[in-house]
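Worksheet for the structure shown next.
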Amino acid sequence: MGDFNAKIGTDNNGYEEAMGSQGVGEMNENGERFVDTHTLNNITIGGSMFTHTTIHKTIWVSSDHLTENQIDHICIGKRFRRSLEDVRVERRADVASDH
C-alpha cells in the first residue's frame with residue numbers, strides 16, 4: 001500500500017466500522033485519510049482492535065525514548081474480521097529501521 005506514517009489514535013468516533021479504540025496517541029492527517037479510505041472500502045484495522053500494553057502496540061520509538069508511534073497497520077476485509085484472532089508488535093533487536 002505504501003508508507004503513510006498514519007497515526008490512527010484511540011478516538012474512533014465515526015470510525016467504529018474500520019477501527020477499534022485500542023490505538024495509540026492521537027490521529028494525524030494521514031491517519032484520517034487512512035481510516036476514511038478503510039471505512040469506504042469495508043476494511044478493518046486490526047492493530048486497533050485488541051487490548052495490549054503500549055510496548056506491544058507501537059512500532060517506532062524516538063531516540064530519546066519519549067515518543068512512541070503506532071504507524072504500521074495490519075488490515076483485513078470486514079467480512080473476515082472475525083477470523084482475526086490477535087495483532088501485536090513483537091519486539092526484537094533494533095535494526096535501525098522504521099519497520
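Convention: chains lettered A, B, ... in C-alpha cells order; per-chain residue numbering from 1; ligands numbered from 1 as shown.
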
Contacts of Arg82 (chain A) within 12 Å, only C-alpha atoms, excl. fewer than 4 positions in-chain, as a VMD selection string: chain A and resid 44 46 49 76 to 78 86

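All residues in region 12-65 of chain A with a DSSP state of alpha helix (DSSP H), computed from the backbone, read Glu29, Asn30, Gly31, Glu32, Arg33, Phe34, Val35, Asp36, Thr37, His38, Thr39 and Leu40 of chain A.
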
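Within the 12 Å cut-off around region 64-67 of chain A, using only C-alpha atoms and omitting residues fewer than 5 positions from it on the same chain, the listed residues are Val24, Gly25, Thr54, Ile55, Thr58 and Ile59 of chain A.
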
Kindly export the residues of the current selection with all heavy atoms, as a tab-separated table (two decimals), in the first residue's frame.
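File written: out-v4.tsv
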chain	number	residue	atom	x	y	z
A	24	VAL	N	-2.96	4.09	19.60
A	24	VAL	CA	-2.03	4.82	20.48
A	24	VAL	C	-1.99	6.28	20.04
A	24	VAL	O	-1.90	6.58	18.85
A	24	VAL	CB	-0.61	4.22	20.38
A	24	VAL	CG1	0.39	5.04	21.17
A	24	VAL	CG2	-0.61	2.78	20.86
A	25	GLY	N	-2.05	7.19	21.00
A	25	GLY	CA	-1.90	8.62	20.72
A	25	GLY	C	-3.11	9.25	20.07
A	25	GLY	O	-4.25	8.86	20.31
A	54	THR	N	1.31	-0.75	25.75
A	54	THR	CA	1.84	0.13	24.70
A	54	THR	C	3.04	-0.47	23.99
A	54	THR	O	3.17	-0.33	22.77
A	54	THR	CB	2.20	1.50	25.30
A	54	THR	OG1	1.03	2.05	25.92
A	54	THR	CG2	2.68	2.47	24.23
A	55	ILE	N	3.90	-1.16	24.69
A	55	ILE	CA	5.09	-1.75	24.07
A	55	ILE	C	4.72	-2.77	22.99
A	55	ILE	O	5.46	-3.00	22.05
A	55	ILE	CB	6.04	-2.38	25.12
A	55	ILE	CG1	7.41	-2.64	24.51
A	55	ILE	CG2	5.45	-3.64	25.72
A	55	ILE	CD1	8.48	-3.00	25.51
A	58	THR	N	3.20	-0.25	19.71
A	58	THR	CA	4.00	0.73	18.98
A	58	THR	C	5.16	0.06	18.25
A	58	THR	O	5.80	-0.84	18.76
A	58	THR	CB	4.55	1.80	19.93
A	58	THR	OG1	5.30	1.17	20.97
A	58	THR	CG2	3.41	2.61	20.53
A	59	ILE	N	5.41	0.56	17.05
A	59	ILE	CA	6.46	0.01	16.21
A	59	ILE	C	7.66	0.95	16.13
A	59	ILE	O	8.77	0.55	15.85
A	59	ILE	CB	5.92	-0.32	14.80
A	59	ILE	CG1	6.88	-1.19	14.01
A	59	ILE	CG2	5.61	0.93	14.02
A	59	ILE	CD1	6.89	-2.61	14.42

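Atom to atom, CA of Arg81 (chain A) and CA of Gly47 (chain A) stand 11.8 Å apart.
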
Those in chain A with strand (DSSP E or B) from DSSP, as an mmCIF file with all heavy atoms, in the first residue's frame:
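Okay, this is what ended up in states-v3.cif:
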data_model
loop_
_atom_site.group_PDB
_atom_site.id
_atom_site.type_symbol
_atom_site.label_atom_id
_atom_site.label_comp_id
_atom_site.auth_asym_id
_atom_site.auth_seq_id
_atom_site.Cartn_x
_atom_site.Cartn_y
_atom_site.Cartn_z
ATOM 1 N N MET A 19 -12.187 0.736 12.755
ATOM 2 C CA MET A 19 -11.148 0.607 13.771
ATOM 3 C C MET A 19 -11.740 0.471 15.162
ATOM 4 O O MET A 19 -12.862 0.878 15.419
ATOM 5 C CB MET A 19 -10.210 1.820 13.733
ATOM 6 C CG MET A 19 -10.881 3.139 14.059
ATOM 7 S SD MET A 19 -9.801 4.570 13.975
ATOM 8 C CE MET A 19 -9.090 4.564 15.603
ATOM 9 N N ILE A 43 -12.867 -2.120 5.227
ATOM 10 C CA ILE A 43 -11.639 -2.753 5.706
ATOM 11 C C ILE A 43 -11.456 -2.394 7.173
ATOM 12 O O ILE A 43 -11.711 -1.263 7.580
ATOM 13 C CB ILE A 43 -10.425 -2.291 4.875
ATOM 14 C CG1 ILE A 43 -10.612 -2.703 3.407
ATOM 15 C CG2 ILE A 43 -9.127 -2.852 5.443
ATOM 16 C CD1 ILE A 43 -9.570 -2.151 2.473
ATOM 17 N N THR A 44 -11.014 -3.359 7.975
ATOM 18 C CA THR A 44 -10.800 -3.161 9.402
ATOM 19 C C THR A 44 -9.303 -3.076 9.697
ATOM 20 O O THR A 44 -8.512 -3.828 9.137
ATOM 21 C CB THR A 44 -11.412 -4.328 10.199
ATOM 22 O OG1 THR A 44 -12.812 -4.356 9.939
ATOM 23 C CG2 THR A 44 -11.184 -4.180 11.676
ATOM 24 N N ILE A 45 -8.928 -2.171 10.599
ATOM 25 C CA ILE A 45 -7.537 -2.008 11.019
ATOM 26 C C ILE A 45 -7.336 -2.863 12.274
ATOM 27 O O ILE A 45 -7.828 -2.534 13.350
ATOM 28 C CB ILE A 45 -7.219 -0.527 11.295
ATOM 29 C CG1 ILE A 45 -7.514 0.298 10.038
ATOM 30 C CG2 ILE A 45 -5.763 -0.370 11.729
ATOM 31 C CD1 ILE A 45 -7.546 1.796 10.271
ATOM 32 N N TRP A 60 7.440 2.239 16.400
ATOM 33 C CA TRP A 60 8.504 3.232 16.297
ATOM 34 C C TRP A 60 8.684 3.938 17.627
ATOM 35 O O TRP A 60 7.716 4.375 18.247
ATOM 36 C CB TRP A 60 8.157 4.260 15.226
ATOM 37 C CG TRP A 60 9.220 5.293 15.016
ATOM 38 C CD1 TRP A 60 10.310 5.190 14.211
ATOM 39 C CD2 TRP A 60 9.292 6.580 15.646
ATOM 40 N NE1 TRP A 60 11.063 6.328 14.294
ATOM 41 C CE2 TRP A 60 10.452 7.207 15.174
ATOM 42 C CE3 TRP A 60 8.503 7.256 16.560
ATOM 43 C CZ2 TRP A 60 10.845 8.465 15.568
ATOM 44 C CZ3 TRP A 60 8.885 8.519 16.964
ATOM 45 C CH2 TRP A 60 10.035 9.114 16.465
ATOM 46 N N VAL A 61 9.940 4.055 18.081
ATOM 47 C CA VAL A 61 10.274 4.758 19.316
ATOM 48 C C VAL A 61 11.379 5.757 18.993
ATOM 49 O O VAL A 61 12.350 5.416 18.314
ATOM 50 C CB VAL A 61 10.752 3.776 20.414
ATOM 51 C CG1 VAL A 61 11.097 4.511 21.691
ATOM 52 C CG2 VAL A 61 9.715 2.703 20.669
ATOM 53 N N GLU A 68 6.462 7.393 21.178
ATOM 54 C CA GLU A 68 6.218 6.089 20.558
ATOM 55 C C GLU A 68 5.046 6.233 19.603
ATOM 56 O O GLU A 68 4.088 6.940 19.901
ATOM 57 C CB GLU A 68 5.888 5.036 21.612
ATOM 58 C CG GLU A 68 6.999 4.785 22.596
ATOM 59 C CD GLU A 68 6.610 3.772 23.648
ATOM 60 O OE1 GLU A 68 5.453 3.788 24.105
ATOM 61 O OE2 GLU A 68 7.468 2.959 23.998
ATOM 62 N N ASN A 69 5.135 5.582 18.447
ATOM 63 C CA ASN A 69 4.062 5.674 17.470
ATOM 64 C C ASN A 69 3.644 4.301 16.951
ATOM 65 O O ASN A 69 4.466 3.408 16.784
ATOM 66 C CB ASN A 69 4.483 6.527 16.268
ATOM 67 C CG ASN A 69 4.550 7.987 16.605
ATOM 68 O OD1 ASN A 69 3.696 8.509 17.298
ATOM 69 N ND2 ASN A 69 5.574 8.658 16.116
ATOM 70 N N CYS A 75 -4.325 -4.823 8.111
ATOM 71 C CA CYS A 75 -5.707 -4.540 7.694
ATOM 72 C C CYS A 75 -6.324 -5.791 7.077
ATOM 73 O O CYS A 75 -5.637 -6.576 6.426
ATOM 74 C CB CYS A 75 -5.719 -3.400 6.692
ATOM 75 S SG CYS A 75 -4.923 -1.912 7.330
ATOM 76 N N ILE A 76 -7.630 -5.927 7.281
ATOM 77 C CA ILE A 76 -8.339 -7.107 6.796
ATOM 78 C C ILE A 76 -9.746 -6.695 6.375
ATOM 79 O O ILE A 76 -10.325 -5.785 6.967
ATOM 80 C CB ILE A 76 -8.379 -8.212 7.888
ATOM 81 C CG1 ILE A 76 -8.890 -9.526 7.340
ATOM 82 C CG2 ILE A 76 -9.164 -7.753 9.091
ATOM 83 C CD1 ILE A 76 -8.704 -10.707 8.282
ATOM 84 N N GLY A 77 -10.256 -7.345 5.350
ATOM 85 C CA GLY A 77 -11.613 -7.063 4.906
ATOM 86 C C GLY A 77 -12.614 -7.307 6.020
ATOM 87 O O GLY A 77 -12.469 -8.239 6.814
#
